[in-house]
Amino acid sequence: MSVNVEFDNVVKEFGPVRVLHGVSFALQAGRTVGLLGENGAGKSTLMKILAGFEVATGGTLRINGQAQNFTTSRQAEAQGIVLIHQEFSLAEDLTIAQNLFLGHEKKKGWLLDDVAMQTEAAKAIAQVGLQADVNTRVKHLIVAEKQLVEIARALLRKARLLIMDEPTATLTPGETKRLFALMAQLKADGVTLVYISHKLDEVEQVTDEVVVMRDGRFVAREETKNLTRQQMASLMVGRELTDLYPPKAPHAPAAAPMLKVTGLTVPGWATDVSFEVRPGEILGFAGLVGAGRTELFEGLLGLRQRTAGRIELQGRVTDLKSPRAAAQQGLTYLSEDRKGKGLHVHFGLRENLTLMALERYTHPFLDPQAEMGALKTAVDDYGIRTGDLQSKASSLSGGNQQKLALAKVLHPQPKVVVLDEPTRGVDVGAKRDIYFLVQRLAREGLAVVVISSELMELIGLCHRVTVMRGGQLQTVLEEHQLTEQELIAHATGTH
């Protein structure tokens with residue numbers, strides 16, 4: 001059965017805040033539609049209404065011509081509508097098979113039919129290209145594998161309309177290619193796909209048409225082939241976007257390194273890695289998922305065991321035992337896991353910002369007014385868009401959460417800052433803001449390390465790029481050598 005969807009003047013309010021302002025458009029069955037918009041444009045809220053996770057405040061949702069008012073996701077699933085969230089909704093302590101059938105368990109009489117569920121689960125994960133034992137607990141999977149479990153679960157629900165929210169944010173190029181092949185197969189089977197992504201090259205590649213939203217309103221609908229990426233970006237932000245990357249900050253290649261690492265080994269993840277980064281320099285780290293980049297820096301900061309290596313910070317040999325010790329010596333780290341390790345999303349903006357520099361605000365008691373003054377400055381400095389300075393971090397859009405996380409790691413005034421996937425899951429407008437901020441840090445004399453899976457980001461931002469593969473440093477490419485082909489060749493070992 002195909003699924004035709006019509007939004008008619010859909011409104012959504014959270015208390016006094018209206019986030020959807022009378023949205024109207026239709027989704028035709030059997031097409032792949034790119035849903036575009038900046039963070040906070042209302043895309044995810046609208047799709048949550050379609051998938052039964054939120055209830056509209058006003059307007060009508062029609063499925064195959066019938067008005068619907070889903071109050072649970074199960075009601076939407078009964079109509080073949082499944083949403084794969086950007087933030088995974090898997091039970092970490094259960095197995096793959098148990099997750100796939102959670103809430104839809106198969107029974108044999110009074111008992112669970114584990115054999116039938118494991119057999120079907122094995123077929124489902126094979127279909128999405130996941131090579132794993134279905135009895136593996138989800139907490140032992142890497143992020144990319146969890147993404148494939150989510151997709152397999154949607155297929156088992158017999159999805160006829162599948163909504164994917166940033167599905168490739170954590171996938172390698174090879175895994176992304178497999179996902180696109182799977183999407184093509186689903187489309188050929190008559191499944192309607194809604195693809196939410198900030199990666200406009202992917203939108204261009206896999207969608208038939210795009211729908212653009214801005215500030216909770218429907219803005220435009222156009223066949224994908226009729227739009228350039230630049231036009232898509234301009235529709236999203238409501239203005240012409242000038243160059244995404246600012247000019248690179250000048251730096252002194254002969255200056256003494258601000259951070260020098262020699263022979264660092266993190267068992268199971270990185271072996272004998274050496275690199276250095278100078279004041280005013282932006283050093284990139286490229287590599288496929290599993291190359292060991294994040295784990296290398298977690299070892300450097302004392303978050304993982306390291307068995308060898310010499311660390312020199314501002315010319316002094318040091319042994320960093322923890323991120324706090326590192327911050328006290330002038331090195332801070334922005335985690336790729338924004339909500340898990342980067343921010344306390346249930347804390348306020350003020351508490352998040354000052355957490356790494358509390359000693360500055362205790363004389364001897366905490367001074368909330370001084371903290372609030374610092375927050376006002378940070379909101380202006382980093383362009384954090386918030387209606388209320390007293391709100392929790394969870395109330396911010398993804399791009400603004402990322403800016404708050406950046407402000408937090410820069411608040412202790414470090415000399416070296418490591419940014420792990422600094423623009424993951426943020427829209428093109430927020431990306432540009434972050435790129436300009438990174439160049440500003442370099443101009444101010446900080447040494448900046450950027451770990452990124454987006455090759456164009458590394459090329460556009462960095463003075464040099466270090467490439468890792470299988471836990472080992474493959475090469476360091478100078479600015480004039482930076483091309484996508486060169487980076488991919490070293491990352492995949494085909495150079």
# chains A, B, ... in the order shown; residues from 1 in each chain; ligands from 1

call {"tool": "residues_around", "arguments": {"residues": "Leu355 (chain A)", "least_positions_apart": "5", "cutoff": "12 Å", "atoms": "only C-alpha atoms", "output": "list in words"}}
result
Arg324, Ala327, Gly342, Leu343, His344, Phe347, Gly348, Leu349, Arg350, Arg360, Tyr361, Thr362, Leu366, Glu371, Ala374, Leu375, Leu404, Ala405, Ala407, Lys408, Val409, Leu410, His411 and Pro412 of chain A

call {"tool": "write_last_selection", "arguments": {"atoms": "N, CA and C atoms", "output": "short mmCIF file (atom, residue, chain, number, x, y, z; two decimals), in the first residue's frame"}}
result
data_model
loop_
_atom_site.label_atom_id
_atom_site.label_comp_id
_atom_site.auth_asym_id
_atom_site.auth_seq_id
_atom_site.Cartn_x
_atom_site.Cartn_y
_atom_site.Cartn_z
N ARG A 324 40.37 17.92 32.99
CA ARG A 324 40.50 19.10 33.87
C ARG A 324 41.96 19.51 34.01
N ALA A 327 42.94 21.20 30.83
CA ALA A 327 42.40 22.56 30.73
C ALA A 327 43.22 23.52 31.59
N GLY A 342 29.63 16.48 25.62
CA GLY A 342 29.94 17.89 25.39
C GLY A 342 29.16 18.82 26.30
N LEU A 343 27.86 18.56 26.45
CA LEU A 343 26.98 19.43 27.24
C LEU A 343 26.18 18.62 28.24
N HIS A 344 25.80 19.27 29.34
CA HIS A 344 24.79 18.71 30.24
C HIS A 344 23.47 19.35 29.79
N PHE A 347 21.05 20.94 32.20
CA PHE A 347 21.50 22.11 32.96
C PHE A 347 21.16 23.37 32.17
N GLY A 348 21.22 24.51 32.84
CA GLY A 348 21.01 25.80 32.16
C GLY A 348 22.20 26.18 31.30
N LEU A 349 22.02 27.23 30.48
CA LEU A 349 23.10 27.71 29.62
C LEU A 349 24.27 28.21 30.46
N ARG A 350 23.95 28.93 31.53
CA ARG A 350 24.99 29.51 32.40
C ARG A 350 25.86 28.42 33.02
N ARG A 360 36.95 30.64 38.60
CA ARG A 360 36.91 32.06 38.27
C ARG A 360 35.71 32.76 38.93
N TYR A 361 34.69 31.97 39.31
CA TYR A 361 33.43 32.55 39.81
C TYR A 361 33.17 32.22 41.28
N THR A 362 34.16 31.69 41.99
CA THR A 362 33.97 31.34 43.40
C THR A 362 34.92 32.17 44.25
N LEU A 366 29.97 30.76 44.94
CA LEU A 366 29.66 30.95 43.52
C LEU A 366 28.92 32.27 43.30
N GLU A 371 28.55 34.90 36.49
CA GLU A 371 28.34 33.85 35.49
C GLU A 371 27.37 34.34 34.41
N ALA A 374 29.03 36.58 32.01
CA ALA A 374 29.85 35.81 31.06
C ALA A 374 28.98 35.18 29.98
N LEU A 375 27.78 34.71 30.39
CA LEU A 375 26.88 34.09 29.42
C LEU A 375 26.42 35.12 28.39
N LEU A 404 27.22 26.69 21.91
CA LEU A 404 27.37 26.72 23.36
C LEU A 404 28.50 25.80 23.81
N ALA A 405 28.58 24.60 23.20
CA ALA A 405 29.65 23.66 23.54
C ALA A 405 31.02 24.26 23.20
N ALA A 407 31.69 27.52 23.07
CA ALA A 407 31.92 28.59 24.05
C ALA A 407 32.42 28.00 25.37
N LYS A 408 31.86 26.84 25.74
CA LYS A 408 32.25 26.18 27.00
C LYS A 408 33.72 25.77 27.00
N VAL A 409 34.18 25.14 25.90
CA VAL A 409 35.58 24.67 25.89
C VAL A 409 36.57 25.83 25.69
N LEU A 410 36.07 26.97 25.18
CA LEU A 410 36.96 28.12 25.00
C LEU A 410 36.94 29.05 26.21
N HIS A 411 35.99 28.84 27.12
CA HIS A 411 35.84 29.73 28.28
C HIS A 411 37.07 29.71 29.22
N PRO A 412 37.74 28.54 29.38
CA PRO A 412 38.95 28.55 30.23
C PRO A 412 40.15 29.26 29.57
#

call {"tool": "residues_around", "arguments": {"residues": "Phe101 (chain A)", "least_positions_apart": "3", "cutoff": "12 Å", "atoms": "only C-alpha atoms", "output": "JSON, numbers by chain"}}
result
{"A": [90, 91, 94, 95, 96, 97, 98, 104, 105, 106, 107, 112, 113, 114, 116, 117, 118, 119, 120, 121, 124, 134, 149, 150, 152, 153, 154, 155, 156, 157]}

call {"tool": "atom_distance", "arguments": {"atom1": "CA of Gly429 (chain A)", "atom2": "CA of Asp8 (chain A)"}}
result
28.3 Å

call {"tool": "residues_around", "arguments": {"residues": "Glu479 (chain A)", "least_positions_apart": "6", "cutoff": "8 Å", "atoms": "only C-alpha atoms", "output": "list in words"}}
result
Ile459, Cys462, His463, Arg464 and Val465 of chain A

call {"tool": "write_last_selection", "arguments": {"atoms": "C-alpha atoms", "output": "CSV table (one decimal), in the first residue's frame"}}
result
chain,number,residue,atom,x,y,z
A,459,ILE,CA,40.4,21.3,3.0
A,462,CYS,CA,43.2,23.6,7.7
A,463,HIS,CA,46.8,24.6,7.0
A,464,ARG,CA,47.9,20.9,7.2
A,465,VAL,CA,46.0,17.6,7.5

call {"tool": "select_by_dssp", "arguments": {"residues": "region 17-182 of chain A", "states": "alpha helix (DSSP H)", "output": "PyMOL selection string"}}
result
chain A and resi 43-50+73-78+96-100+114-127+143-156+173-182

call {"tool": "write_last_selection", "arguments": {"atoms": "C-alpha atoms", "output": "JSON list (two decimals), in the first residue's frame"}}
result
[["chain", "number", "residue", "atom", "x", "y", "z"],
["A", 43, "LYS", "CA", 11.65, 20.06, 9.99],
["A", 44, "SER", "CA", 12.04, 17.54, 12.80],
["A", 45, "THR", "CA", 8.93, 18.81, 14.65],
["A", 46, "LEU", "CA", 6.81, 18.43, 11.51],
["A", 47, "MET", "CA", 8.13, 14.90, 10.91],
["A", 48, "LYS", "CA", 7.48, 13.98, 14.57],
["A", 49, "ILE", "CA", 3.84, 15.00, 14.05],
["A", 50, "LEU", "CA", 3.70, 12.79, 10.95],
["A", 73, "SER", "CA", 4.16, 6.34, 17.06],
["A", 74, "ARG", "CA", 2.47, 2.92, 17.03],
["A", 75, "GLN", "CA", -0.61, 4.44, 15.35],
["A", 76, "ALA", "CA", 1.62, 5.96, 12.65],
["A", 77, "GLU", "CA", 3.52, 2.67, 12.22],
["A", 78, "ALA", "CA", 0.18, 0.91, 11.66],
["A", 96, "ILE", "CA", 20.27, -6.45, 18.26],
["A", 97, "ALA", "CA", 17.42, -8.96, 17.88],
["A", 98, "GLN", "CA", 15.70, -7.77, 21.07],
["A", 99, "ASN", "CA", 15.92, -4.15, 19.87],
["A", 100, "LEU", "CA", 14.47, -5.00, 16.47],
["A", 114, "ASP", "CA", 13.40, -16.18, 20.34],
["A", 115, "VAL", "CA", 14.37, -18.45, 17.45],
["A", 116, "ALA", "CA", 11.87, -16.84, 15.05],
["A", 117, "MET", "CA", 12.93, -13.33, 16.13],
["A", 118, "GLN", "CA", 16.64, -14.13, 15.74],
["A", 119, "THR", "CA", 16.05, -15.64, 12.28],
["A", 120, "GLU", "CA", 14.10, -12.61, 11.06],
["A", 121, "ALA", "CA", 16.56, -10.23, 12.71],
["A", 122, "ALA", "CA", 19.47, -11.89, 10.87],
["A", 123, "LYS", "CA", 17.67, -11.39, 7.53],
["A", 124, "ALA", "CA", 16.88, -7.75, 8.35],
["A", 125, "ILE", "CA", 20.43, -6.78, 9.30],
["A", 126, "ALA", "CA", 21.82, -8.64, 6.26],
["A", 127, "GLN", "CA", 19.47, -6.55, 4.10],
["A", 143, "VAL", "CA", 27.76, 4.39, 16.04],
["A", 144, "ALA", "CA", 27.56, 3.49, 12.32],
["A", 145, "GLU", "CA", 26.37, -0.04, 13.20],
["A", 146, "LYS", "CA", 23.68, 1.36, 15.53],
["A", 147, "GLN", "CA", 22.44, 3.47, 12.60],
["A", 148, "LEU", "CA", 22.01, 0.30, 10.53],
["A", 149, "VAL", "CA", 20.11, -1.40, 13.39],
["A", 150, "GLU", "CA", 17.68, 1.57, 13.38],
["A", 151, "ILE", "CA", 17.12, 1.17, 9.63],
["A", 152, "ALA", "CA", 16.67, -2.61, 9.94],
["A", 153, "ARG", "CA", 14.06, -2.02, 12.66],
["A", 154, "ALA", "CA", 12.15, 0.33, 10.33],
["A", 155, "LEU", "CA", 12.17, -2.31, 7.57],
["A", 156, "LEU", "CA", 10.78, -4.92, 9.96],
["A", 173, "PRO", "CA", 31.84, 7.03, 2.63],
["A", 174, "GLY", "CA", 31.57, 3.26, 2.06],
["A", 175, "GLU", "CA", 28.70, 2.88, 4.52],
["A", 176, "THR", "CA", 26.97, 5.93, 3.04],
["A", 177, "LYS", "CA", 27.20, 4.36, -0.42],
["A", 178, "ARG", "CA", 25.59, 1.17, 0.93],
["A", 179, "LEU", "CA", 22.81, 3.20, 2.54],
["A", 180, "PHE", "CA", 22.10, 4.98, -0.76],
["A", 181, "ALA", "CA", 21.91, 1.63, -2.56],
["A", 182, "LEU", "CA", 19.44, 0.44, 0.10]]

call {"tool": "closest_residue", "arguments": {"among": "A:Ile488, A:Gln439, A:Gly471, A:Ser2", "to": "Pro246 (chain A)", "atoms": "only C-alpha atoms"}}
result
A:Gln439

call {"tool": "closest_residue", "arguments": {"among": "A:Val448, A:Ile311, A:Val3, A:Leu353", "to": "Gly373 (chain A)", "atoms": "only C-alpha atoms"}}
result
A:Leu353

call {"tool": "closest_residue", "arguments": {"among": "A:Leu61, A:Leu283, A:Val203, A:Ile384", "to": "Leu406 (chain A)", "atoms": "only C-alpha atoms"}}
result
A:Ile384

call {"tool": "closest_residue", "arguments": {"among": "A:Arg31, A:Lys321, A:Arg278, A:His85", "to": "Phe53 (chain A)", "atoms": "only C-alpha atoms"}}
result
A:His85

call {"tool": "residues_around", "arguments": {"residues": "Ala286 (chain A)", "least_positions_apart": "6", "cutoff": "9 Å", "atoms": "only C-alpha atoms", "output": "list of chain:residue names"}}
result
A:Arg293, A:Val450, A:Ile451, A:Ser452, A:Ser453, A:Glu454, A:Leu455, A:Leu458, A:Val465, A:Thr466, A:Val467, A:Met468, A:Arg469, A:Leu487, A:Ile488, A:Ala491

call {"tool": "write_last_selection", "arguments": {"atoms": "N, CA and C atoms", "output": "short mmCIF file (atom, residue, chain, number, x, y, z; two decimals), in the first residue's frame"}}
result
data_model
loop_
_atom_site.label_atom_id
_atom_site.label_comp_id
_atom_site.auth_asym_id
_atom_site.auth_seq_id
_atom_site.Cartn_x
_atom_site.Cartn_y
_atom_site.Cartn_z
N ARG A 293 41.18 8.31 15.44
CA ARG A 293 41.45 9.74 15.69
C ARG A 293 40.91 10.20 17.04
N VAL A 450 41.42 20.13 14.31
CA VAL A 450 40.07 19.81 13.88
C VAL A 450 40.03 18.36 13.39
N ILE A 451 39.23 17.53 14.07
CA ILE A 451 38.99 16.16 13.62
C ILE A 451 37.67 16.19 12.86
N SER A 452 37.67 15.76 11.61
CA SER A 452 36.42 15.82 10.84
C SER A 452 36.35 14.69 9.82
N SER A 453 35.11 14.23 9.59
CA SER A 453 34.87 13.22 8.55
C SER A 453 34.50 13.88 7.23
N GLU A 454 34.31 15.20 7.26
CA GLU A 454 33.97 15.93 6.03
C GLU A 454 35.25 16.45 5.39
N LEU A 455 35.62 15.86 4.27
CA LEU A 455 36.89 16.19 3.64
C LEU A 455 36.95 17.65 3.19
N LEU A 458 37.88 19.93 6.02
CA LEU A 458 39.32 19.92 6.32
C LEU A 458 40.10 20.74 5.30
N VAL A 465 46.89 18.72 7.03
CA VAL A 465 45.99 17.64 7.46
C VAL A 465 46.78 16.35 7.68
N THR A 466 46.60 15.78 8.86
CA THR A 466 47.18 14.49 9.23
C THR A 466 46.16 13.40 8.88
N VAL A 467 46.58 12.36 8.20
CA VAL A 467 45.65 11.28 7.83
C VAL A 467 45.99 10.02 8.62
N MET A 468 44.97 9.44 9.28
CA MET A 468 45.17 8.20 10.04
C MET A 468 44.41 7.05 9.39
N ARG A 469 44.96 5.87 9.53
CA ARG A 469 44.27 4.65 9.06
C ARG A 469 44.68 3.51 9.97
N LEU A 487 43.27 12.85 0.05
CA LEU A 487 42.86 12.46 1.41
C LEU A 487 42.23 11.06 1.42
N ILE A 488 41.34 10.80 0.46
CA ILE A 488 40.69 9.48 0.40
C ILE A 488 41.71 8.39 0.13
N ALA A 491 43.54 7.69 3.32
CA ALA A 491 42.65 7.16 4.37
C ALA A 491 42.26 5.71 4.09
#

call {"tool": "closest_residue", "arguments": {"among": "A:Val5, A:Val19, A:Ile84, A:Met456", "to": "Leu244 (chain A)", "atoms": "only C-alpha atoms"}}
result
A:Met456

call {"tool": "atom_distance", "arguments": {"atom1": "CA of Glu295 (chain A)", "atom2": "CA of Gln402 (chain A)"}}
result
20.7 Å

call {"tool": "residues_around", "arguments": {"residues": "region 21-27 of chain A", "least_positions_apart": "3", "cutoff": "7 Å", "atoms": "only C-alpha atoms", "output": "list in words"}}
result
Asn4, Val5, Glu6, Phe7, Asp8, Asn9, Val10, Val11, Arg18, Gly216, Arg217 and Phe218 of chain A

call {"tool": "write_last_selection", "arguments": {"atoms": "C-alpha atoms", "output": "compact mmCIF listing (two decimals), in the first residue's frame"}}
result
# COMPACT_ATOMS: atom_id res chain seq x y z
CA ASN A 4 0.20 9.87 0.27
CA VAL A 5 0.59 12.61 2.86
CA GLU A 6 -0.90 16.08 2.99
CA PHE A 7 -0.11 18.76 5.60
CA ASP A 8 -2.86 21.38 5.66
CA ASN A 9 -2.12 24.55 7.67
CA VAL A 10 -0.32 22.57 10.41
CA VAL A 11 0.51 24.59 13.55
CA ARG A 18 4.94 28.73 18.09
CA GLY A 216 8.64 27.15 11.03
CA ARG A 217 7.18 27.97 7.61
CA PHE A 218 7.06 26.25 4.22
